[in-house]
Structure formats: C-alpha cells, structure tokens
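Source file: coords26.txt (compact mmCIF, N, CA and C atoms)
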```txt
# COMPACT_ATOMS: atom_id res chain seq x y z
N MET I 1 113.90 19.69 -41.82
CA MET I 1 114.60 19.73 -40.56
C MET I 1 115.90 20.51 -40.78
N ALA I 2 116.19 21.42 -39.90
CA ALA I 2 117.38 22.26 -40.02
C ALA I 2 118.64 21.44 -39.74
N SER I 3 119.72 21.86 -40.35
CA SER I 3 121.00 21.16 -40.22
C SER I 3 121.44 21.05 -38.75
N LYS I 4 121.25 22.12 -38.00
CA LYS I 4 121.64 22.11 -36.58
C LYS I 4 120.83 21.08 -35.80
N GLU I 5 119.55 21.00 -36.09
CA GLU I 5 118.69 20.04 -35.41
C GLU I 5 119.10 18.60 -35.74
N VAL I 6 119.44 18.35 -36.99
CA VAL I 6 119.90 17.02 -37.40
C VAL I 6 121.19 16.66 -36.67
N THR I 7 122.10 17.61 -36.60
CA THR I 7 123.37 17.38 -35.92
C THR I 7 123.15 17.08 -34.44
N GLU I 8 122.27 17.82 -33.81
CA GLU I 8 121.97 17.59 -32.39
C GLU I 8 121.36 16.22 -32.17
N ARG I 9 120.49 15.82 -33.05
CA ARG I 9 119.87 14.48 -32.92
C ARG I 9 120.89 13.37 -33.14
N LEU I 10 121.76 13.55 -34.10
CA LEU I 10 122.81 12.56 -34.33
C LEU I 10 123.75 12.48 -33.14
N ASP I 11 124.09 13.61 -32.55
CA ASP I 11 124.93 13.62 -31.35
C ASP I 11 124.26 12.86 -30.22
N LEU I 12 122.96 13.06 -30.05
CA LEU I 12 122.22 12.35 -29.02
C LEU I 12 122.24 10.84 -29.27
N ILE I 13 122.06 10.44 -30.50
CA ILE I 13 122.09 9.01 -30.85
C ILE I 13 123.45 8.42 -30.54
N ILE I 14 124.50 9.13 -30.88
CA ILE I 14 125.86 8.65 -30.61
C ILE I 14 126.07 8.48 -29.10
N LYS I 15 125.62 9.44 -28.32
CA LYS I 15 125.76 9.35 -26.86
C LYS I 15 124.98 8.17 -26.30
N LEU I 16 123.77 7.97 -26.80
CA LEU I 16 122.97 6.84 -26.33
C LEU I 16 123.62 5.50 -26.69
N LEU I 17 124.17 5.42 -27.88
CA LEU I 17 124.87 4.19 -28.28
C LEU I 17 126.10 3.95 -27.41
N ALA I 18 126.82 5.01 -27.10
CA ALA I 18 128.00 4.89 -26.25
C ALA I 18 127.60 4.45 -24.84
N MET I 19 126.50 4.98 -24.33
CA MET I 19 126.02 4.57 -23.01
C MET I 19 125.67 3.08 -23.02
N ASN I 20 125.04 2.63 -24.07
CA ASN I 20 124.69 1.22 -24.19
C ASN I 20 125.95 0.35 -24.28
N LEU I 21 126.93 0.81 -25.01
CA LEU I 21 128.20 0.09 -25.14
C LEU I 21 128.87 -0.07 -23.79
N MET I 22 128.88 0.98 -22.99
CA MET I 22 129.55 0.95 -21.68
C MET I 22 128.79 0.12 -20.66
N LYS I 23 127.50 -0.05 -20.87
CA LYS I 23 126.68 -0.84 -19.94
C LYS I 23 127.22 -2.27 -19.81
N ASP I 24 127.66 -2.86 -20.90
CA ASP I 24 128.12 -4.24 -20.90
C ASP I 24 129.65 -4.37 -20.87
N PHE I 25 130.35 -3.25 -20.85
CA PHE I 25 131.81 -3.27 -20.85
C PHE I 25 132.31 -3.54 -19.44
N GLU I 26 133.16 -4.55 -19.28
CA GLU I 26 133.59 -4.96 -17.95
C GLU I 26 134.97 -4.46 -17.58
N GLY I 27 135.49 -3.49 -18.29
CA GLY I 27 136.80 -2.95 -17.98
C GLY I 27 136.77 -1.98 -16.81
N THR I 28 137.94 -1.48 -16.46
CA THR I 28 138.04 -0.49 -15.40
C THR I 28 137.46 0.84 -15.88
N GLN I 29 137.27 1.74 -14.94
CA GLN I 29 136.76 3.08 -15.29
C GLN I 29 137.71 3.75 -16.28
N LYS I 30 139.02 3.62 -16.05
CA LYS I 30 140.00 4.23 -16.95
C LYS I 30 139.90 3.62 -18.35
N GLU I 31 139.72 2.32 -18.43
CA GLU I 31 139.58 1.66 -19.73
C GLU I 31 138.32 2.14 -20.45
N GLN I 32 137.26 2.35 -19.70
CA GLN I 32 136.02 2.87 -20.30
C GLN I 32 136.25 4.26 -20.86
N ILE I 33 136.92 5.09 -20.10
CA ILE I 33 137.19 6.47 -20.53
C ILE I 33 138.06 6.47 -21.77
N VAL I 34 139.10 5.65 -21.77
CA VAL I 34 139.99 5.56 -22.94
C VAL I 34 139.22 5.09 -24.16
N LYS I 35 138.39 4.08 -23.98
CA LYS I 35 137.61 3.54 -25.10
C LYS I 35 136.68 4.61 -25.69
N LEU I 36 135.99 5.33 -24.83
CA LEU I 36 135.09 6.37 -25.31
C LEU I 36 135.86 7.50 -26.00
N ASN I 37 137.03 7.82 -25.47
CA ASN I 37 137.85 8.85 -26.09
C ASN I 37 138.34 8.40 -27.46
N LYS I 38 138.70 7.14 -27.58
CA LYS I 38 139.19 6.61 -28.86
C LYS I 38 138.12 6.60 -29.94
N ILE I 39 136.85 6.52 -29.53
CA ILE I 39 135.80 6.55 -30.55
C ILE I 39 135.38 7.98 -30.88
N GLY I 40 136.07 8.94 -30.25
CA GLY I 40 135.88 10.33 -30.66
C GLY I 40 135.06 11.22 -29.74
N LEU I 41 134.68 10.72 -28.58
CA LEU I 41 133.91 11.56 -27.67
C LEU I 41 134.82 12.51 -26.89
N GLN I 42 134.31 13.68 -26.61
CA GLN I 42 135.04 14.70 -25.86
C GLN I 42 134.87 14.44 -24.35
N PRO I 43 135.80 14.95 -23.52
CA PRO I 43 135.69 14.74 -22.06
C PRO I 43 134.32 15.10 -21.48
N LYS I 44 133.73 16.19 -21.94
CA LYS I 44 132.41 16.59 -21.43
C LYS I 44 131.35 15.53 -21.74
N GLU I 45 131.44 14.95 -22.94
CA GLU I 45 130.48 13.91 -23.34
C GLU I 45 130.71 12.62 -22.55
N ILE I 46 131.97 12.27 -22.35
CA ILE I 46 132.31 11.08 -21.57
C ILE I 46 131.83 11.25 -20.14
N ALA I 47 132.03 12.43 -19.58
CA ALA I 47 131.59 12.71 -18.22
C ALA I 47 130.08 12.52 -18.09
N TYR I 48 129.35 12.98 -19.07
CA TYR I 48 127.89 12.82 -19.06
C TYR I 48 127.51 11.35 -19.07
N ILE I 49 128.15 10.58 -19.93
CA ILE I 49 127.82 9.16 -20.08
C ILE I 49 128.15 8.38 -18.81
N LEU I 50 129.31 8.67 -18.20
CA LEU I 50 129.76 7.90 -17.03
C LEU I 50 129.37 8.55 -15.70
N ASN I 51 128.65 9.65 -15.77
CA ASN I 51 128.21 10.36 -14.56
C ASN I 51 129.41 10.77 -13.70
N LYS I 52 130.40 11.39 -14.32
CA LYS I 52 131.59 11.91 -13.65
C LYS I 52 131.75 13.37 -14.05
N THR I 53 132.68 14.07 -13.42
CA THR I 53 132.94 15.45 -13.84
C THR I 53 133.87 15.45 -15.05
N SER I 54 133.78 16.50 -15.84
CA SER I 54 134.67 16.58 -17.01
C SER I 54 136.13 16.72 -16.56
N ASN I 55 136.36 17.34 -15.40
CA ASN I 55 137.72 17.45 -14.88
C ASN I 55 138.28 16.06 -14.57
N TYR I 56 137.48 15.20 -13.96
CA TYR I 56 137.90 13.83 -13.66
C TYR I 56 138.29 13.11 -14.95
N ILE I 57 137.51 13.30 -15.98
CA ILE I 57 137.78 12.65 -17.27
C ILE I 57 139.09 13.17 -17.85
N ARG I 58 139.29 14.48 -17.82
CA ARG I 58 140.53 15.06 -18.36
C ARG I 58 141.75 14.55 -17.61
N VAL I 59 141.68 14.47 -16.29
CA VAL I 59 142.79 13.97 -15.48
C VAL I 59 143.07 12.50 -15.82
N THR I 60 142.02 11.72 -15.93
CA THR I 60 142.17 10.29 -16.25
C THR I 60 142.78 10.11 -17.63
N LEU I 61 142.36 10.92 -18.60
CA LEU I 61 142.94 10.85 -19.94
C LEU I 61 144.40 11.25 -19.93
N SER I 62 144.75 12.24 -19.13
CA SER I 62 146.14 12.66 -19.00
C SER I 62 146.99 11.52 -18.44
N GLU I 63 146.49 10.86 -17.42
CA GLU I 63 147.19 9.70 -16.85
C GLU I 63 147.34 8.59 -17.89
N ALA I 64 146.29 8.36 -18.65
CA ALA I 64 146.31 7.31 -19.67
C ALA I 64 147.37 7.62 -20.73
N ARG I 65 147.51 8.89 -21.11
CA ARG I 65 148.54 9.27 -22.08
C ARG I 65 149.93 9.00 -21.53
N LYS I 66 150.15 9.33 -20.26
CA LYS I 66 151.45 9.09 -19.60
C LYS I 66 151.77 7.60 -19.53
N GLU I 67 150.73 6.79 -19.40
CA GLU I 67 150.91 5.33 -19.32
C GLU I 67 150.98 4.68 -20.70
N GLY I 68 150.82 5.49 -21.75
CA GLY I 68 150.89 4.97 -23.10
C GLY I 68 149.62 4.28 -23.59
N LEU I 69 148.52 4.52 -22.91
CA LEU I 69 147.26 3.90 -23.31
C LEU I 69 146.59 4.65 -24.46
N LEU I 70 147.02 5.88 -24.70
CA LEU I 70 146.48 6.69 -25.79
C LEU I 70 147.60 7.10 -26.73
```

Turn the structure described in the file into structure tokens.
Amino acid sequence: MASKEVTERLDLIIKLLAMNLMKDFEGTQKEQIVKLNKIGLQPKEIAYILNKTSNYIRVTLSEARKEGLL
C-alpha cells in the first residue's frame, strides 16, 4: 500500500472517530468546534464533520480566540 493511500485512510479514520466523539458531546456548537480544533483538526475538516461551512468554522474559532477559549 502506498504511503499516500495509508495517510488518506488514517485521515478518514480520524474524521470518523471525531464524528463519533461529537455525536455524544452535549456542549454548544462553539465548544464542539473548539474541541475538534484542539485535537488538531483543520477548519475544513471540522466543517465536514459538523456539516457547516469552513468560513463559519474559521469565524467561530476567531471568536473563541478572542474569548480566551483557545
């Protein structure tokens, strides 16, 4: 298996695990976004998981930084 293919599969597994984690998380949308960002996901990946636009995620992360959440 090529290195790129392994990396893509691992990325998919990480995203699926993150989706499962968020399924049972009872925090606000902003808290979910912050949590996913803290575990290393990029805004585009968070947007995919939460079914939001990447712009919405970037704005929310910016607000979270201003509030001291990040």

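Each of I:Val59, I:Ile39, I:Lys44, I:Gly68 was compared to Leu17 (chain I) using only C-alpha atoms, and I:Ile39 turns out to be the nearest.
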
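For the choices I:Glu45, I:Ser62, I:Leu50, I:Leu70, the atom-to-atom distance to Lys23 (chain I) is smallest for I:Leu50 when using only C-alpha atoms.
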
Exercise. Running DSSP on the backbone, which parts of chain I land in alpha helix (DSSP H), as a PyMOL selection string?
Worked result: chain I and resi 3-23+29-38+43-50+54-66

Problem set entry | Pick from I:Lys66, I:Ala2, I:Met22, I:Gly27 nearest to Ile46 (chain I), counting only C-alpha atoms | I:Met22

Problem set entry | Residues near Ile57 (chain I), cut-off 8 Å, only C-alpha atoms, skip fewer than 4 positions along chain, as a ChimeraX atom specification | /I:33,43-44,46-47,52-53,61

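For the pair atom N of Val6 (chain I) and atom C of Met19 (chain I), the separation is 21.6 Å.
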
Seminar exercise, completed: Correct to one decimal, the distance CA of Thr28 (chain I)-atom C of Asn55 (chain I) is 16.6 Å

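Of note, atom N of Glu26 (chain I) and CA of Leu69 (chain I) are spaced 16.9 Å apart.
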
For this session: Choose the residue, out of I:Thr60, I:Leu10, I:Arg65, I:Gln42, that has the smallest atom-to-atom separation from Gln29 (chain I); count all atoms listed in the file.
Result: I:Thr60

With 5 Å of padding per side, what axis-aligned box (centre and edge lengths, Å, one decimal) covers all the listed atoms of region 27-36 of chain I? Give it as AutoDock Vina command-line options.
```
--center_x 137.5 --center_y 2.0 --center_z -20.5 --size_x 14.9 --size_y 21.0 --size_z 21.1
```
